[in-house]
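**Q** I'd like to ask you about the structure that follows.
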Amino acid sequence: MMKSAILASCLAAAAAFAPAQTGKASTALNSAFDGEIGAASAELGCWDPLGYVTGQSQERFDRLRYVELKHGRVAMLAAWGYATTWSGARFPGCEDFPAGHQAVFDIPKVELLLPILAIGGALELGGWKQAEGSFPGDFSASKFPVGFGPFARSEEDAIDLRTKELNNGRAAMMGILGMMVHEQLNGKPFIFFDTIDVYAPLAN
């Protein structure tokens, strides 16, 4: 079962680097999204090898982009937290809590899991608010400050930061998957290192 999951993960990763099909149909059907960040290049236009948005509406594209951003943001937090706890950093009172994938199984249901789900649900239902008429994932309409703040001084800055967030989220999704798989294979999620101390300023 584990070998099948690893093989599927490898095939999915390899598919991302497969050459795009040539021909007019691919470019023509996706031309509506050629200007979207993270989806287009001068050479390929909107590259959509699996056909998720081929011939689809802008609403469909925006929905998929919203989901991609959400998963990327969660994955960035997960990768950071995974590396930090693996290096030994803990909140007070959680010194004996395991790191890595084992934490998923050992998490106390009442003391930690329920509060985490409650906070996540509250943010999802009433905390984050999509700004009307803006790009997917823009929560600047939330009740508390969310966004790029003073770093987005111009439209060019905003596009640059959005592109970096999108690409880092994609890398984090692959990264957290790779760390969990390698931990199960040989107990070393970081392949070449046992710990990443730079991510653990509070470690003992």
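Labeling convention for the structure tokens: chains A, B, ... as they appear, residues from 1 per chain, ligands from 1 in order of appearance.
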For Phe97 of chain A, please output as number ranges by chain all residues within 12 Å (counting only C-alpha atoms; exclusion window: fewer than 5 positions along the same chain).
**A** A: 85-86, 88-92, 102-108, 112
**Q** Go ahead and write the selection's residues with N, CA, C and O atoms as a PDB file, in the first residue's frame.
**A**
ATOM      1  N   THR A  85       8.997  21.666  14.756  1.00  0.00           N
ATOM      2  CA  THR A  85       8.798  20.693  15.828  1.00  0.00           C
ATOM      3  C   THR A  85       9.777  19.535  15.718  1.00  0.00           C
ATOM      4  O   THR A  85      10.196  18.972  16.736  1.00  0.00           O
ATOM      5  N   TRP A  86      10.158  19.168  14.503  1.00  0.00           N
ATOM      6  CA  TRP A  86      11.138  18.091  14.334  1.00  0.00           C
ATOM      7  C   TRP A  86      12.484  18.492  14.937  1.00  0.00           C
ATOM      8  O   TRP A  86      13.241  17.654  15.430  1.00  0.00           O
ATOM      9  N   GLY A  88      12.854  20.263  17.607  1.00  0.00           N
ATOM     10  CA  GLY A  88      12.791  20.266  19.056  1.00  0.00           C
ATOM     11  C   GLY A  88      12.006  21.388  19.687  1.00  0.00           C
ATOM     12  O   GLY A  88      11.791  21.389  20.904  1.00  0.00           O
ATOM     13  N   ALA A  89      11.566  22.383  18.918  1.00  0.00           N
ATOM     14  CA  ALA A  89      10.819  23.501  19.499  1.00  0.00           C
ATOM     15  C   ALA A  89       9.428  23.047  19.909  1.00  0.00           C
ATOM     16  O   ALA A  89       8.752  22.320  19.186  1.00  0.00           O
ATOM     17  N   ARG A  90       9.006  23.476  21.096  1.00  0.00           N
ATOM     18  CA  ARG A  90       7.685  23.131  21.610  1.00  0.00           C
ATOM     19  C   ARG A  90       7.113  24.311  22.383  1.00  0.00           C
ATOM     20  O   ARG A  90       7.849  25.103  22.962  1.00  0.00           O
ATOM     21  N   PHE A  91       5.783  24.399  22.397  1.00  0.00           N
ATOM     22  CA  PHE A  91       5.128  25.334  23.285  1.00  0.00           C
ATOM     23  C   PHE A  91       5.210  24.792  24.715  1.00  0.00           C
ATOM     24  O   PHE A  91       5.304  23.576  24.922  1.00  0.00           O
ATOM     25  N   PRO A  92       5.192  25.662  25.713  1.00  0.00           N
ATOM     26  CA  PRO A  92       5.209  25.193  27.103  1.00  0.00           C
ATOM     27  C   PRO A  92       4.065  24.226  27.368  1.00  0.00           C
ATOM     28  O   PRO A  92       2.922  24.464  26.968  1.00  0.00           O
ATOM     29  N   GLN A 102       3.746  11.304  13.407  1.00  0.00           N
ATOM     30  CA  GLN A 102       3.178  10.667  14.586  1.00  0.00           C
ATOM     31  C   GLN A 102       2.285  11.619  15.374  1.00  0.00           C
ATOM     32  O   GLN A 102       1.348  11.189  16.053  1.00  0.00           O
ATOM     33  N   ALA A 103       2.557  12.921  15.257  1.00  0.00           N
ATOM     34  CA  ALA A 103       1.751  13.902  15.975  1.00  0.00           C
ATOM     35  C   ALA A 103       0.290  13.868  15.536  1.00  0.00           C
ATOM     36  O   ALA A 103      -0.616  14.178  16.322  1.00  0.00           O
ATOM     37  N   VAL A 104       0.053  13.481  14.275  1.00  0.00           N
ATOM     38  CA  VAL A 104      -1.325  13.405  13.767  1.00  0.00           C
ATOM     39  C   VAL A 104      -2.120  12.360  14.545  1.00  0.00           C
ATOM     40  O   VAL A 104      -3.316  12.543  14.817  1.00  0.00           O
ATOM     41  N   PHE A 105      -1.464  11.263  14.908  1.00  0.00           N
ATOM     42  CA  PHE A 105      -2.156  10.165  15.591  1.00  0.00           C
ATOM     43  C   PHE A 105      -2.207  10.362  17.101  1.00  0.00           C
ATOM     44  O   PHE A 105      -3.120   9.865  17.762  1.00  0.00           O
ATOM     45  N   ASP A 106      -1.221  11.074  17.644  1.00  0.00           N
ATOM     46  CA  ASP A 106      -1.131  11.211  19.102  1.00  0.00           C
ATOM     47  C   ASP A 106      -1.738  12.504  19.634  1.00  0.00           C
ATOM     48  O   ASP A 106      -1.730  12.730  20.843  1.00  0.00           O
ATOM     49  N   ILE A 107      -2.243  13.353  18.770  1.00  0.00           N
ATOM     50  CA  ILE A 107      -2.768  14.634  19.231  1.00  0.00           C
ATOM     51  C   ILE A 107      -3.955  14.412  20.170  1.00  0.00           C
ATOM     52  O   ILE A 107      -4.874  13.640  19.863  1.00  0.00           O
ATOM     53  N   PRO A 108      -3.953  15.028  21.341  1.00  0.00           N
ATOM     54  CA  PRO A 108      -5.092  14.886  22.259  1.00  0.00           C
ATOM     55  C   PRO A 108      -6.369  15.443  21.627  1.00  0.00           C
ATOM     56  O   PRO A 108      -6.382  16.590  21.167  1.00  0.00           O
ATOM     57  N   LEU A 112      -6.440  19.543  22.235  1.00  0.00           N
ATOM     58  CA  LEU A 112      -5.817  20.233  21.102  1.00  0.00           C
ATOM     59  C   LEU A 112      -6.626  20.139  19.809  1.00  0.00           C
ATOM     60  O   LEU A 112      -6.816  21.148  19.126  1.00  0.00           O
TER      61      LEU A 112
END
**Q** Skipping near chain neighbours, those fewer than 6 positions away, what residues fall within 12 Å of Glu132 of chain A using only C-alpha atoms, listed as a PDB file with N, CA and C atoms, in the first residue's frame?
**A**
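New file around_9.pdb:
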ATOM      1  N   ASP A 138      -8.085  37.085  -1.918  1.00  0.00           N
ATOM      2  CA  ASP A 138      -7.855  38.409  -1.345  1.00  0.00           C
ATOM      3  C   ASP A 138      -8.808  38.601  -0.165  1.00  0.00           C
ATOM      4  N   PHE A 139      -8.274  38.482   1.048  1.00  0.00           N
ATOM      5  CA  PHE A 139      -9.096  38.586   2.252  1.00  0.00           C
ATOM      6  C   PHE A 139      -8.977  39.956   2.904  1.00  0.00           C
ATOM      7  N   SER A 140      -8.696  40.964   2.111  1.00  0.00           N
ATOM      8  CA  SER A 140      -8.549  42.305   2.662  1.00  0.00           C
ATOM      9  C   SER A 140      -9.856  42.865   3.196  1.00  0.00           C
ATOM     10  N   ALA A 141     -10.979  42.221   2.883  1.00  0.00           N
ATOM     11  CA  ALA A 141     -12.270  42.667   3.404  1.00  0.00           C
ATOM     12  C   ALA A 141     -12.581  42.058   4.765  1.00  0.00           C
ATOM     13  N   SER A 142     -11.640  41.311   5.346  1.00  0.00           N
ATOM     14  CA  SER A 142     -11.853  40.690   6.649  1.00  0.00           C
ATOM     15  C   SER A 142     -11.902  41.751   7.742  1.00  0.00           C
TER      16      SER A 142
END
**Q** Fewer than 6 positions away in the same chain doesn't count, so skip those; otherwise give me all residues within 10 Å of Thr163 of chain A, counting only C-alpha atoms, as a VMD selection string.
**A** chain A and resid 36 to 39 157 169
**Q** Which residues of segment 120-157 of chain A sit at most 10 Å from segment 56-76 of chain A, using only C-alpha atoms? Give each one's shortest atom pair and distance in Å (one decimal place), in chain and ascending residue order, as a Markdown table.
**A**
| residue | atom | partner | partner_atom | distance |
| --- | --- | --- | --- | --- |
| A:Gln130 | CA | A:Tyr66 | CA | 9.9 |
| A:Phe135 | CA | A:Asp62 | CA | 7.9 |
| A:Pro136 | CA | A:Tyr66 | CA | 5.1 |
| A:Gly137 | CA | A:Tyr66 | CA | 5.5 |
| A:Asp138 | CA | A:Tyr66 | CA | 9.1 |
**Q** Residues as selected, N, CA and C atoms, written as an mmCIF file, in the first residue's frame, can you do that?
**A**
data_model
loop_
_atom_site.group_PDB
_atom_site.id
_atom_site.type_symbol
_atom_site.label_atom_id
_atom_site.label_comp_id
_atom_site.auth_asym_id
_atom_site.auth_seq_id
_atom_site.Cartn_x
_atom_site.Cartn_y
_atom_site.Cartn_z
ATOM 1 N N GLN A 130 -13.666 37.260 1.480
ATOM 2 C CA GLN A 130 -13.176 37.577 0.151
ATOM 3 C C GLN A 130 -13.602 38.983 -0.256
ATOM 4 N N PHE A 135 -9.100 39.641 -6.751
ATOM 5 C CA PHE A 135 -8.583 38.335 -7.146
ATOM 6 C C PHE A 135 -8.919 37.274 -6.080
ATOM 7 N N PRO A 136 -9.020 36.010 -6.470
ATOM 8 C CA PRO A 136 -9.326 34.948 -5.506
ATOM 9 C C PRO A 136 -8.277 34.888 -4.392
ATOM 10 N N GLY A 137 -8.746 34.749 -3.152
ATOM 11 C CA GLY A 137 -7.843 34.667 -2.024
ATOM 12 C C GLY A 137 -7.494 36.000 -1.414
ATOM 13 N N ASP A 138 -8.085 37.085 -1.918
ATOM 14 C CA ASP A 138 -7.855 38.409 -1.345
ATOM 15 C C ASP A 138 -8.808 38.601 -0.165
#
**Q** Using DSSP on the backbone, list every residue of segment 34-163 of chain A that comes out as alpha helix (DSSP H), and give them as an NGL selection string.
**A** :A and (58-86 or 102-106 or 114-122 or 155-163)
**Q** Take the residues from that selection and put them in a file with N, CA and C atoms, as a short mmCIF file (atom, residue, chain, number, x, y, z; two decimals), in the first residue's frame.
**A**
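Resulting contents of out.cif:
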data_model
loop_
_atom_site.label_atom_id
_atom_site.label_comp_id
_atom_site.auth_asym_id
_atom_site.auth_seq_id
_atom_site.Cartn_x
_atom_site.Cartn_y
_atom_site.Cartn_z
N GLN A 58 -14.63 31.79 -16.35
CA GLN A 58 -13.75 32.49 -15.41
C GLN A 58 -14.09 32.11 -13.97
N GLU A 59 -15.37 31.88 -13.70
CA GLU A 59 -15.78 31.47 -12.35
C GLU A 59 -15.14 30.14 -11.96
N ARG A 60 -15.07 29.21 -12.90
CA ARG A 60 -14.44 27.92 -12.64
C ARG A 60 -12.95 28.09 -12.35
N PHE A 61 -12.29 28.94 -13.15
CA PHE A 61 -10.87 29.19 -12.92
C PHE A 61 -10.64 29.83 -11.56
N ASP A 62 -11.45 30.83 -11.23
CA ASP A 62 -11.29 31.52 -9.95
C ASP A 62 -11.51 30.57 -8.77
N ARG A 63 -12.46 29.66 -8.90
CA ARG A 63 -12.71 28.70 -7.83
C ARG A 63 -11.49 27.79 -7.61
N LEU A 64 -10.92 27.29 -8.71
CA LEU A 64 -9.75 26.43 -8.60
C LEU A 64 -8.54 27.21 -8.06
N ARG A 65 -8.39 28.47 -8.48
CA ARG A 65 -7.29 29.28 -7.97
C ARG A 65 -7.47 29.53 -6.47
N TYR A 66 -8.70 29.77 -6.03
CA TYR A 66 -8.98 29.99 -4.61
C TYR A 66 -8.59 28.75 -3.79
N VAL A 67 -8.98 27.58 -4.29
CA VAL A 67 -8.65 26.33 -3.60
C VAL A 67 -7.15 26.10 -3.59
N GLU A 68 -6.49 26.38 -4.72
CA GLU A 68 -5.04 26.21 -4.79
C GLU A 68 -4.32 27.11 -3.79
N LEU A 69 -4.75 28.35 -3.70
CA LEU A 69 -4.13 29.28 -2.75
C LEU A 69 -4.35 28.81 -1.31
N LYS A 70 -5.56 28.35 -1.00
CA LYS A 70 -5.84 27.90 0.36
C LYS A 70 -4.95 26.72 0.72
N HIS A 71 -4.87 25.73 -0.17
CA HIS A 71 -4.03 24.57 0.10
C HIS A 71 -2.56 24.98 0.21
N GLY A 72 -2.13 25.92 -0.62
CA GLY A 72 -0.75 26.37 -0.56
C GLY A 72 -0.44 27.07 0.75
N ARG A 73 -1.35 27.90 1.23
CA ARG A 73 -1.14 28.61 2.49
C ARG A 73 -1.08 27.63 3.66
N VAL A 74 -1.98 26.64 3.66
CA VAL A 74 -1.96 25.63 4.72
C VAL A 74 -0.66 24.83 4.64
N ALA A 75 -0.24 24.48 3.43
CA ALA A 75 0.98 23.68 3.26
C ALA A 75 2.22 24.45 3.71
N MET A 76 2.27 25.76 3.48
CA MET A 76 3.41 26.54 3.95
C MET A 76 3.50 26.52 5.47
N LEU A 77 2.36 26.68 6.13
CA LEU A 77 2.34 26.60 7.59
C LEU A 77 2.72 25.20 8.06
N ALA A 78 2.22 24.18 7.35
CA ALA A 78 2.51 22.80 7.73
C ALA A 78 3.99 22.48 7.59
N ALA A 79 4.60 22.90 6.49
CA ALA A 79 6.03 22.63 6.28
C ALA A 79 6.88 23.33 7.33
N TRP A 80 6.53 24.56 7.64
CA TRP A 80 7.26 25.33 8.66
C TRP A 80 7.10 24.66 10.03
N GLY A 81 5.87 24.32 10.38
CA GLY A 81 5.63 23.68 11.66
C GLY A 81 6.28 22.31 11.76
N TYR A 82 6.27 21.56 10.67
CA TYR A 82 6.88 20.22 10.65
C TYR A 82 8.37 20.33 10.94
N ALA A 83 9.05 21.23 10.24
CA ALA A 83 10.49 21.39 10.43
C ALA A 83 10.81 21.92 11.82
N THR A 84 9.98 22.84 12.32
CA THR A 84 10.22 23.44 13.62
C THR A 84 10.09 22.41 14.74
N THR A 85 9.00 21.67 14.76
CA THR A 85 8.80 20.69 15.83
C THR A 85 9.78 19.54 15.72
N TRP A 86 10.16 19.17 14.50
CA TRP A 86 11.14 18.09 14.33
C TRP A 86 12.48 18.49 14.94
N GLN A 102 3.75 11.30 13.41
CA GLN A 102 3.18 10.67 14.59
C GLN A 102 2.28 11.62 15.37
N ALA A 103 2.56 12.92 15.26
CA ALA A 103 1.75 13.90 15.98
C ALA A 103 0.29 13.87 15.54
N VAL A 104 0.05 13.48 14.27
CA VAL A 104 -1.32 13.40 13.77
C VAL A 104 -2.12 12.36 14.55
N PHE A 105 -1.46 11.26 14.91
CA PHE A 105 -2.16 10.16 15.59
C PHE A 105 -2.21 10.36 17.10
N ASP A 106 -1.22 11.07 17.64
CA ASP A 106 -1.13 11.21 19.10
C ASP A 106 -1.74 12.50 19.63
N LEU A 114 -9.88 19.53 19.04
CA LEU A 114 -11.14 20.28 18.99
C LEU A 114 -10.92 21.79 18.96
N PRO A 115 -10.01 22.35 19.78
CA PRO A 115 -9.75 23.79 19.66
C PRO A 115 -9.20 24.20 18.30
N ILE A 116 -8.32 23.37 17.72
CA ILE A 116 -7.78 23.69 16.40
C ILE A 116 -8.89 23.71 15.36
N LEU A 117 -9.77 22.70 15.38
CA LEU A 117 -10.87 22.66 14.43
C LEU A 117 -11.84 23.81 14.65
N ALA A 118 -12.07 24.17 15.92
CA ALA A 118 -12.98 25.27 16.22
C ALA A 118 -12.43 26.60 15.71
N ILE A 119 -11.14 26.84 15.93
CA ILE A 119 -10.52 28.08 15.47
C ILE A 119 -10.52 28.13 13.94
N GLY A 120 -10.14 27.00 13.31
CA GLY A 120 -10.15 26.96 11.85
C GLY A 120 -11.53 27.18 11.27
N GLY A 121 -12.54 26.58 11.89
CA GLY A 121 -13.91 26.76 11.42
C GLY A 121 -14.39 28.19 11.59
N ALA A 122 -14.03 28.81 12.71
CA ALA A 122 -14.43 30.20 12.95
C ALA A 122 -13.80 31.14 11.93
N GLU A 155 0.77 48.27 -8.14
CA GLU A 155 0.15 47.10 -8.75
C GLU A 155 1.20 46.06 -9.13
N GLU A 156 2.37 46.53 -9.57
CA GLU A 156 3.45 45.61 -9.92
C GLU A 156 3.93 44.85 -8.69
N ASP A 157 4.04 45.55 -7.56
CA ASP A 157 4.44 44.88 -6.31
C ASP A 157 3.42 43.82 -5.92
N ALA A 158 2.15 44.16 -6.04
CA ALA A 158 1.10 43.22 -5.66
C ALA A 158 1.14 41.96 -6.52
N ILE A 159 1.32 42.13 -7.83
CA ILE A 159 1.39 40.98 -8.73
C ILE A 159 2.61 40.13 -8.41
N ASP A 160 3.73 40.80 -8.13
CA ASP A 160 4.95 40.07 -7.79
C ASP A 160 4.76 39.26 -6.51
N LEU A 161 4.15 39.85 -5.49
CA LEU A 161 3.93 39.15 -4.23
C LEU A 161 2.92 38.02 -4.38
N ARG A 162 1.88 38.25 -5.17
CA ARG A 162 0.90 37.19 -5.41
C ARG A 162 1.55 36.00 -6.12
N THR A 163 2.41 36.30 -7.08
CA THR A 163 3.10 35.23 -7.81
C THR A 163 4.01 34.44 -6.89
#
**Q** Distance atom CA of Asp48 of chain A-atom CA of Gly35 of chain A, one decimal place?
**A**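 Calculated distance between atom CA of Asp48 of chain A and atom CA of Gly35 of chain A is 13.6 Å.
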**Q** In Å, rounded to a single decimal, give me how far atom CA of Ala171 of chain A is from atom CA of His101 of chain A.
**A**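 Going from atom CA of His101 of chain A over to atom CA of Ala171 of chain A, I get 19.1 Å.
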**Q** Using Å and a single decimal, report how far atom CA of Gly175 of chain A sits from atom CA of Gly45 of chain A.
**A**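 Result for atom CA of Gly45 of chain A versus atom CA of Gly175 of chain A: 26.5 Å, one decimal.
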**Q** Could you pull out all residues of segment 38-187 of chain A with a DSSP call of strand (DSSP E) and give them as a ChimeraX atom specification?
**A** /A:40-41,45-46
**Q** Selected residues, N, CA, C and O atoms, written as a compact mmCIF listing (two decimals), in the first residue's frame, please.
**A**
# COMPACT_ATOMS: atom_id res chain seq x y z
N ALA A 40 0.26 30.99 -16.88
CA ALA A 40 0.61 31.22 -18.27
C ALA A 40 2.08 31.57 -18.41
O ALA A 40 2.73 32.06 -17.49
N SER A 41 2.60 31.29 -19.59
CA SER A 41 3.95 31.71 -19.96
C SER A 41 3.92 32.11 -21.42
O SER A 41 3.01 31.75 -22.16
N GLY A 45 1.44 29.73 -23.17
CA GLY A 45 0.13 30.29 -22.87
C GLY A 45 -0.35 29.72 -21.55
O GLY A 45 0.44 29.47 -20.65
N CYS A 46 -1.65 29.47 -21.42
CA CYS A 46 -2.18 28.85 -20.20
C CYS A 46 -1.99 27.34 -20.32
O CYS A 46 -2.69 26.68 -21.06
**Q** Of the candidates A:Ile191, A:Val146, A:Ala99, A:Ala131, which shows the shortest atom-to-atom distance to Gly178 of chain A, using only C-alpha atoms?
**A**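 The closest residue to Gly178 of chain A is A:Ile191.
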**Q** Pick from A:Met179, A:Val53, A:Leu123, A:Val110: nearest to Lys143 of chain A, with only C-alpha atoms counted?
**A**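 Of A:Met179, A:Val53, A:Leu123, A:Val110, the one nearest Lys143 of chain A is A:Leu123, counting only C-alpha atoms.
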